[in-house]
>>> print(open('query_37.txt').read())   # compact mmCIF, C-alpha atoms
# COMPACT_ATOMS: atom_id res chain seq x y z
CA MET A 1 -23.80 -1.03 11.75
CA THR A 2 -23.94 -4.22 9.70
CA ALA A 3 -20.86 -6.35 9.04
CA ASP A 4 -20.99 -5.51 5.32
CA LEU A 5 -21.16 -1.76 5.99
CA LEU A 6 -18.23 -2.02 8.43
CA ALA A 7 -16.26 -4.01 5.85
CA LYS A 8 -16.93 -1.35 3.19
CA ARG A 9 -15.83 1.45 5.50
CA VAL A 10 -12.66 -0.38 6.53
CA THR A 11 -11.76 -1.25 2.93
CA ASN A 12 -12.25 2.38 1.83
CA LEU A 13 -10.53 4.06 4.77
CA LEU A 14 -7.50 1.76 4.64
CA ALA A 15 -7.25 1.43 0.86
CA PRO A 16 -3.75 1.21 -0.64
CA GLN A 17 -4.00 4.61 -2.32
CA VAL A 18 -4.94 6.24 1.01
CA LEU A 19 -2.01 4.62 2.81
CA VAL A 20 0.47 5.48 0.05
CA ILE A 21 -0.61 9.12 0.21
CA VAL A 22 -0.65 9.42 4.02
CA MET A 23 2.32 7.25 5.00
CA PRO A 24 5.36 9.03 3.44
CA PRO A 25 4.72 12.45 5.05
CA LEU A 26 3.94 10.77 8.37
CA VAL A 27 7.09 8.64 8.25
CA GLY A 28 9.13 11.69 7.24
CA LEU A 29 7.65 13.75 10.08
CA LEU A 30 8.29 11.03 12.68
CA ALA A 31 11.81 10.33 11.44
CA GLN A 32 13.08 13.86 10.71
CA GLY A 33 10.50 16.45 11.67
CA TRP A 34 9.04 18.98 9.24
CA ALA A 35 11.86 18.64 6.72
CA GLY A 36 11.18 14.90 6.57
CA ALA A 37 7.45 15.57 6.15
CA ALA A 38 8.22 17.83 3.17
CA TRP A 39 10.23 15.03 1.53
CA GLY A 40 7.34 12.71 2.32
CA LEU A 41 4.92 15.01 0.52
CA VAL A 42 7.01 14.73 -2.65
CA ALA A 43 6.88 10.93 -2.42
CA SER A 44 3.20 11.06 -1.58
CA ALA A 45 2.28 13.18 -4.59
CA LEU A 46 3.98 10.83 -7.02
CA CYS A 47 3.54 7.41 -5.37
CA GLY A 48 -0.04 7.97 -4.27
CA GLY A 49 -1.40 10.96 -6.12
CA VAL A 50 -0.56 9.90 -9.66
CA PRO A 51 -1.99 6.36 -9.36
CA ALA A 52 -5.08 7.74 -7.58
CA ALA A 53 -5.65 10.15 -10.47
CA VAL A 54 -5.20 7.38 -13.05
CA ILE A 55 -7.70 5.19 -11.20
CA ALA A 56 -10.18 8.05 -10.74
CA LEU A 57 -10.07 8.77 -14.47
CA GLY A 58 -10.58 5.07 -15.19
CA VAL A 59 -13.61 4.91 -12.89
CA ARG A 60 -15.06 8.12 -14.32
CA SER A 61 -14.69 6.84 -17.90
CA GLY A 62 -16.21 3.47 -17.00
CA ARG A 63 -13.07 1.45 -17.78
CA LEU A 64 -12.60 0.54 -14.10
CA ASP A 65 -15.30 -0.81 -11.75
CA SER A 66 -14.18 1.15 -8.67
CA HIS A 67 -11.09 2.63 -7.06
CA HIS A 68 -10.42 -0.86 -5.63
CA ILE A 69 -10.28 -2.36 -9.16
CA VAL A 70 -12.16 -5.49 -8.16
CA ASP A 71 -11.93 -6.89 -11.71
CA ARG A 72 -8.42 -8.40 -11.77
CA ALA A 73 -8.25 -8.20 -15.57
CA ARG A 74 -8.45 -4.40 -15.35
CA ARG A 75 -5.58 -3.99 -12.88
CA THR A 76 -2.64 -4.10 -15.31
CA GLY A 77 -2.77 -0.53 -16.69
CA PRO A 78 -3.26 1.22 -13.35
CA LEU A 79 -0.58 -0.94 -11.73
CA LEU A 80 1.93 -0.16 -14.46
CA ALA A 81 1.11 3.55 -14.03
CA ALA A 82 1.67 3.14 -10.28
CA ALA A 83 5.01 1.41 -10.85
CA ALA A 84 6.10 4.20 -13.23
CA ALA A 85 5.06 6.85 -10.69
CA VAL A 86 6.92 5.10 -7.86
CA LEU A 87 10.01 4.73 -10.06
CA ALA A 88 9.86 8.46 -10.92
CA ALA A 89 9.48 9.32 -7.23
CA LEU A 90 12.43 7.13 -6.33
CA ALA A 91 14.65 8.70 -8.99
CA LEU A 92 13.68 12.20 -7.87
CA LEU A 93 14.28 11.44 -4.18
CA VAL A 94 17.69 9.90 -4.88
CA VAL A 95 18.82 12.76 -7.15
CA LEU A 96 17.66 15.40 -4.66
CA GLY A 97 19.25 13.65 -1.67
CA ALA A 98 16.17 12.63 0.31
CA PRO A 99 16.57 10.93 3.70
CA THR A 100 17.56 7.25 3.58
CA LEU A 101 14.43 5.97 5.35
CA LEU A 102 12.19 7.67 2.81
CA VAL A 103 14.24 6.38 -0.15
CA ALA A 104 14.11 2.90 1.40
CA THR A 105 10.34 3.18 1.91
CA VAL A 106 9.73 4.16 -1.72
CA THR A 107 12.11 1.42 -2.86
CA ALA A 108 10.08 -1.06 -0.80
CA MET A 109 6.94 0.11 -2.61
CA LEU A 110 8.64 -0.57 -5.92
CA VAL A 111 9.88 -4.00 -4.80
CA ALA A 112 6.40 -4.93 -3.55
CA LEU A 113 4.90 -3.86 -6.88
CA ALA A 114 7.54 -5.86 -8.76
CA VAL A 115 6.42 -8.96 -6.86
CA THR A 116 2.65 -8.41 -6.69
CA VAL A 117 1.96 -7.16 -10.23
CA PRO A 118 3.06 -10.39 -11.96
CA ILE A 119 1.14 -12.42 -9.37
CA THR A 120 -2.09 -10.46 -9.85
CA LEU A 121 -1.99 -11.15 -13.59
CA ARG A 122 -2.68 -14.80 -12.74
CA TRP A 123 -4.11 -14.74 -9.23
CA LYS A 124 -5.81 -11.91 -7.32
CA ILE A 125 -3.33 -11.20 -4.51
CA SER A 126 -4.56 -8.58 -2.03
CA PHE A 127 -2.94 -5.18 -2.48
CA HIS A 128 -4.83 -3.96 0.61
CA ALA A 129 -3.04 -6.56 2.73
CA ALA A 130 0.33 -6.06 1.03
CA VAL A 131 0.33 -2.27 1.43
CA TRP A 132 -0.94 -2.36 5.00
CA ALA A 133 1.67 -4.98 6.00
CA GLY A 134 4.45 -2.89 4.43
CA THR A 135 3.13 0.18 6.22
CA VAL A 136 3.33 -1.60 9.57
CA VAL A 137 6.94 -2.61 8.92
CA VAL A 138 7.94 0.98 8.09
CA LEU A 139 6.02 2.48 11.01
CA ALA A 140 7.70 0.01 13.38
CA HIS A 141 11.00 1.67 12.42
CA VAL A 142 9.86 5.15 13.48
CA LEU A 143 7.53 4.30 16.37
CA PRO A 144 8.01 1.89 19.29
CA ALA A 145 8.41 -1.40 17.43
CA TRP A 146 6.39 -3.93 19.44
CA PRO A 147 3.32 -1.79 20.19
CA THR A 148 3.30 -0.71 16.53
CA ALA A 149 3.62 -4.29 15.29
CA ILE A 150 0.82 -5.51 17.57
CA ALA A 151 -1.56 -2.66 16.71
CA GLY A 152 -0.63 -2.95 13.03
CA ALA A 153 -1.29 -6.70 13.03
CA ALA A 154 -4.73 -6.06 14.52
CA VAL A 155 -5.55 -3.52 11.81
CA LEU A 156 -4.14 -5.85 9.14
CA ALA A 157 -6.45 -8.60 10.42
CA LEU A 158 -9.40 -6.18 10.24
CA VAL A 159 -8.51 -5.13 6.68
CA SER A 160 -8.08 -8.76 5.65
CA TRP A 161 -11.44 -9.68 7.17
CA ALA A 162 -13.09 -6.79 5.31
CA ARG A 163 -11.66 -7.85 1.95
CA VAL A 164 -12.83 -11.44 2.47
CA ARG A 165 -16.22 -10.33 3.87
CA LEU A 166 -16.86 -8.28 0.71
CA THR A 167 -15.81 -11.33 -1.38
CA HIS A 168 -13.11 -9.29 -3.10
CA HIS A 169 -10.50 -11.79 -1.93
CA THR A 170 -10.09 -15.19 -0.33
CA TRP A 171 -8.12 -15.80 2.87
CA PRO A 172 -5.15 -17.22 0.94
CA GLN A 173 -5.08 -14.05 -1.21
CA VAL A 174 -4.97 -11.70 1.79
CA VAL A 175 -2.40 -13.87 3.60
CA ALA A 176 -0.22 -13.91 0.46
CA GLY A 177 -0.54 -10.12 0.21
CA ALA A 178 0.41 -9.65 3.87
CA VAL A 179 3.43 -11.95 3.61
CA THR A 180 4.58 -10.31 0.37
CA GLY A 181 4.22 -6.78 1.76
CA THR A 182 6.00 -7.69 4.99
CA LEU A 183 8.92 -9.48 3.36
CA ALA A 184 9.41 -6.98 0.53
CA THR A 185 9.47 -4.06 2.97
CA LEU A 186 11.55 -5.75 5.65
CA LEU A 187 14.19 -7.01 3.21
CA THR A 188 14.37 -3.62 1.48
CA LEU A 189 14.84 -1.75 4.76
CA LEU A 190 17.51 -4.25 5.80
CA ALA A 191 19.28 -3.82 2.45
CA PHE A 192 19.37 -0.06 3.10
CA GLY A 193 20.74 -0.65 6.59
CA VAL A 194 17.69 0.91 8.23
CA GLU A 195 17.70 -0.33 11.81
>>> encode(input="query_37.txt", output="structure tokens")
Amino acid sequence: MTADLLAKRVTNLLAPQVLVIVMPPLVGLLAQGWAGAAWGLVASALCGGVPAAVIALGVRSGRLDSHHIVDRARRTGPLLAAAAAVLAALALLVVLGAPTLLVATVTAMLVALAVTVPITLRWKISFHAAVWAGTVVVLAHVLPAWPTAIAGAAVLALVSWARVRLTHHTWPQVVAGAVTGTLATLLTLLAFGVE
């Protein structure tokens, strides 16, 4: 397998939309069993499913270059749709009384979007790195923290390498994404009192 093929597979398998669809049910399951997983599916459908559908329609119509939206100038519409979907998910979870960790996780998604969307309008920050870093922070709250952080950092490094290898980002862009995702998620979880 060539380095470019590996980079493409990594970037597709660990894309933000994949993580945002898979992570909430997994976090819910680990934190509160099957009831938590059901709450996670609600978050997943809105936070991941709606933006994925918007992006798929954009790619199909030719308005977007790929589901990674490599062209920074084309990111605004899909990102605003993602923010609206996450906001709707958050409102629904709060009104219906979802578990605190899941509400905090969705809030962290919204906070990360609030920081990264304005940045990407001027500079192409890596959403792959931001979403993966946030995922590691959340998973470290429901799995053994240090092993999760170490394994997550290794995967984050692999994802970052793949994005740079494919020339979709520079190293500063993936580092900025990772720092933003980590801080936004960590500070949000702390604000919710999630230990």
>>> closest_atom_pairs(input="query_37.txt", of="stretch 44-155 of chain A", to="stretch 1-16 of chain A", cutoff="8 Å", atoms="all atoms listed in the file", output="JSON lines")
{"residue": "A:His68", "atom": "CA", "partner": "A:Ala15", "partner_atom": "CA", "distance": 7.6}
{"residue": "A:Phe127", "atom": "CA", "partner": "A:Pro16", "partner_atom": "CA", "distance": 6.7}
{"residue": "A:His128", "atom": "CA", "partner": "A:Pro16", "partner_atom": "CA", "distance": 5.4}
{"residue": "A:Val131", "atom": "CA", "partner": "A:Pro16", "partner_atom": "CA", "distance": 5.7}
{"residue": "A:Trp132", "atom": "CA", "partner": "A:Pro16", "partner_atom": "CA", "distance": 7.2}
>>> write_last_selection(input="query_37.txt", atoms="C-alpha atoms", output="mmCIF file, keeping the file's coordinate frame")
data_model
loop_
_atom_site.group_PDB
_atom_site.id
_atom_site.type_symbol
_atom_site.label_atom_id
_atom_site.label_comp_id
_atom_site.auth_asym_id
_atom_site.auth_seq_id
_atom_site.Cartn_x
_atom_site.Cartn_y
_atom_site.Cartn_z
ATOM 1 C CA HIS A 68 -10.420 -0.860 -5.630
ATOM 2 C CA PHE A 127 -2.940 -5.180 -2.480
ATOM 3 C CA HIS A 128 -4.830 -3.960 0.610
ATOM 4 C CA VAL A 131 0.330 -2.270 1.430
ATOM 5 C CA TRP A 132 -0.940 -2.360 5.000
#
>>> closest_residue(input="query_37.txt", among="A:Leu143, A:Leu64, A:Leu92, A:Ala82", to="A:Leu26", atoms="all atoms listed in the file")
A:Leu143
>>> axis_aligned_box(input="query_37.txt", around="stretch 119-136 of chain A", padding_each_side="8 Å", output="JSON")
{"center_x": -0.7, "center_y": -7.3, "center_z": -2.0, "size_x": 26.3, "size_y": 31.0, "size_z": 39.2}
>>> closest_residue(input="query_37.txt", among="A:Ala184, A:Lys124, A:Val42, A:Ala52", to="A:Leu110", atoms="all atoms listed in the file")
A:Ala184
>>> atom_distance(input="query_37.txt", atom1="atom CA of A:Ala56", atom2="atom CA of A:Leu19")
16.2 Å
>>> residues_around(input="query_37.txt", residues="stretch 191-193 of chain A", least_positions_apart="5", cutoff="10 Å", atoms="all atoms listed in the file", output="list in words")
Thr100, Leu101, Val103, Ala104, Thr105, Thr107, Thr185 and Leu186 of chain A
>>> residues_around(input="query_37.txt", residues="A:Gly28", least_positions_apart="4", cutoff="9 Å", atoms="only C-alpha atoms", output="MDAnalysis selection string")
chainID A and resid 23:24 32:41 99 101:102
>>> atom_distance(input="query_37.txt", atom1="atom CA of A:Leu139", atom2="atom CA of A:Val115")
21.2 Å
>>> closest_residue(input="query_37.txt", among="A:Leu46, A:Leu93, A:Leu79, A:Val27", to="A:Pro118", atoms="only C-alpha atoms")
A:Leu79
>>> decode(input="query_37.txt", residues="stretch 145-170 of chain A", atoms="N, CA and C atoms", output="PDB file, in the first residue's frame")
ATOM      1  N   ALA A 145      -8.685   6.725  31.178  1.00  0.00           N
ATOM      2  CA  ALA A 145      -8.226   8.002  30.629  1.00  0.00           C
ATOM      3  C   ALA A 145      -6.867   7.937  29.939  1.00  0.00           C
ATOM      4  N   TRP A 146      -5.831   7.461  30.635  1.00  0.00           N
ATOM      5  CA  TRP A 146      -4.493   7.508  30.044  1.00  0.00           C
ATOM      6  C   TRP A 146      -4.340   6.610  28.832  1.00  0.00           C
ATOM      7  N   PRO A 147      -4.775   5.355  28.880  1.00  0.00           N
ATOM      8  CA  PRO A 147      -4.655   4.534  27.665  1.00  0.00           C
ATOM      9  C   PRO A 147      -5.440   5.134  26.485  1.00  0.00           C
ATOM     10  N   THR A 148      -6.604   5.710  26.786  1.00  0.00           N
ATOM     11  CA  THR A 148      -7.412   6.329  25.734  1.00  0.00           C
ATOM     12  C   THR A 148      -6.700   7.550  25.161  1.00  0.00           C
ATOM     13  N   ALA A 149      -6.128   8.372  26.035  1.00  0.00           N
ATOM     14  CA  ALA A 149      -5.417   9.571  25.572  1.00  0.00           C
ATOM     15  C   ALA A 149      -4.206   9.200  24.721  1.00  0.00           C
ATOM     16  N   ILE A 150      -3.469   8.184  25.132  1.00  0.00           N
ATOM     17  CA  ILE A 150      -2.275   7.772  24.385  1.00  0.00           C
ATOM     18  C   ILE A 150      -2.667   7.194  23.024  1.00  0.00           C
ATOM     19  N   ALA A 151      -3.630   6.271  23.018  1.00  0.00           N
ATOM     20  CA  ALA A 151      -4.077   5.690  21.746  1.00  0.00           C
ATOM     21  C   ALA A 151      -4.706   6.763  20.855  1.00  0.00           C
ATOM     22  N   GLY A 152      -5.488   7.644  21.465  1.00  0.00           N
ATOM     23  CA  GLY A 152      -6.121   8.724  20.705  1.00  0.00           C
ATOM     24  C   GLY A 152      -5.104   9.674  20.102  1.00  0.00           C
ATOM     25  N   ALA A 153      -4.049   9.981  20.856  1.00  0.00           N
ATOM     26  CA  ALA A 153      -2.998  10.865  20.333  1.00  0.00           C
ATOM     27  C   ALA A 153      -2.296  10.213  19.150  1.00  0.00           C
ATOM     28  N   ALA A 154      -2.107   8.904  19.208  1.00  0.00           N
ATOM     29  CA  ALA A 154      -1.477   8.196  18.088  1.00  0.00           C
ATOM     30  C   ALA A 154      -2.361   8.263  16.845  1.00  0.00           C
ATOM     31  N   VAL A 155      -3.662   8.063  17.027  1.00  0.00           N
ATOM     32  CA  VAL A 155      -4.576   8.140  15.880  1.00  0.00           C
ATOM     33  C   VAL A 155      -4.663   9.576  15.369  1.00  0.00           C
ATOM     34  N   LEU A 156      -4.690  10.541  16.274  1.00  0.00           N
ATOM     35  CA  LEU A 156      -4.696  11.951  15.867  1.00  0.00           C
ATOM     36  C   LEU A 156      -3.458  12.282  15.040  1.00  0.00           C
ATOM     37  N   ALA A 157      -2.307  11.767  15.445  1.00  0.00           N
ATOM     38  CA  ALA A 157      -1.076  11.989  14.672  1.00  0.00           C
ATOM     39  C   ALA A 157      -1.196  11.368  13.282  1.00  0.00           C
ATOM     40  N   LEU A 158      -1.780  10.172  13.205  1.00  0.00           N
ATOM     41  CA  LEU A 158      -1.977   9.509  11.907  1.00  0.00           C
ATOM     42  C   LEU A 158      -2.921  10.315  11.015  1.00  0.00           C
ATOM     43  N   VAL A 159      -4.026  10.783  11.580  1.00  0.00           N
ATOM     44  CA  VAL A 159      -4.985  11.595  10.825  1.00  0.00           C
ATOM     45  C   VAL A 159      -4.318  12.879  10.348  1.00  0.00           C
ATOM     46  N   SER A 160      -3.564  13.514  11.218  1.00  0.00           N
ATOM     47  CA  SER A 160      -2.885  14.760  10.866  1.00  0.00           C
ATOM     48  C   SER A 160      -1.883  14.523   9.738  1.00  0.00           C
ATOM     49  N   TRP A 161      -1.115  13.449   9.850  1.00  0.00           N
ATOM     50  CA  TRP A 161      -0.174  13.090   8.788  1.00  0.00           C
ATOM     51  C   TRP A 161      -0.905  12.901   7.462  1.00  0.00           C
ATOM     52  N   ALA A 162      -2.033  12.193   7.499  1.00  0.00           N
ATOM     53  CA  ALA A 162      -2.789  11.926   6.269  1.00  0.00           C
ATOM     54  C   ALA A 162      -3.270  13.213   5.613  1.00  0.00           C
ATOM     55  N   ARG A 163      -3.765  14.144   6.418  1.00  0.00           N
ATOM     56  CA  ARG A 163      -4.256  15.408   5.865  1.00  0.00           C
ATOM     57  C   ARG A 163      -3.124  16.212   5.226  1.00  0.00           C
ATOM     58  N   VAL A 164      -1.955  16.199   5.869  1.00  0.00           N
ATOM     59  CA  VAL A 164      -0.799  16.909   5.311  1.00  0.00           C
ATOM     60  C   VAL A 164      -0.267  16.165   4.088  1.00  0.00           C
ATOM     61  N   ARG A 165      -0.193  14.847   4.154  1.00  0.00           N
ATOM     62  CA  ARG A 165       0.300  14.028   3.036  1.00  0.00           C
ATOM     63  C   ARG A 165      -0.529  14.271   1.774  1.00  0.00           C
ATOM     64  N   LEU A 166      -1.839  14.418   1.930  1.00  0.00           N
ATOM     65  CA  LEU A 166      -2.715  14.645   0.779  1.00  0.00           C
ATOM     66  C   LEU A 166      -2.723  16.112   0.338  1.00  0.00           C
ATOM     67  N   THR A 167      -1.949  16.937   1.014  1.00  0.00           N
ATOM     68  CA  THR A 167      -1.846  18.388   0.789  1.00  0.00           C
ATOM     69  C   THR A 167      -3.184  19.103   0.952  1.00  0.00           C
ATOM     70  N   HIS A 168      -4.036  18.571   1.812  1.00  0.00           N
ATOM     71  CA  HIS A 168      -5.293  19.246   2.137  1.00  0.00           C
ATOM     72  C   HIS A 168      -5.094  20.262   3.251  1.00  0.00           C
ATOM     73  N   HIS A 169      -4.004  20.075   4.014  1.00  0.00           N
ATOM     74  CA  HIS A 169      -3.683  20.981   5.111  1.00  0.00           C
ATOM     75  C   HIS A 169      -2.173  21.068   5.274  1.00  0.00           C
ATOM     76  N   THR A 170      -1.759  22.085   6.026  1.00  0.00           N
ATOM     77  CA  THR A 170      -0.363  22.198   6.450  1.00  0.00           C
ATOM     78  C   THR A 170      -0.284  21.718   7.899  1.00  0.00           C
TER      79      THR A 170
END
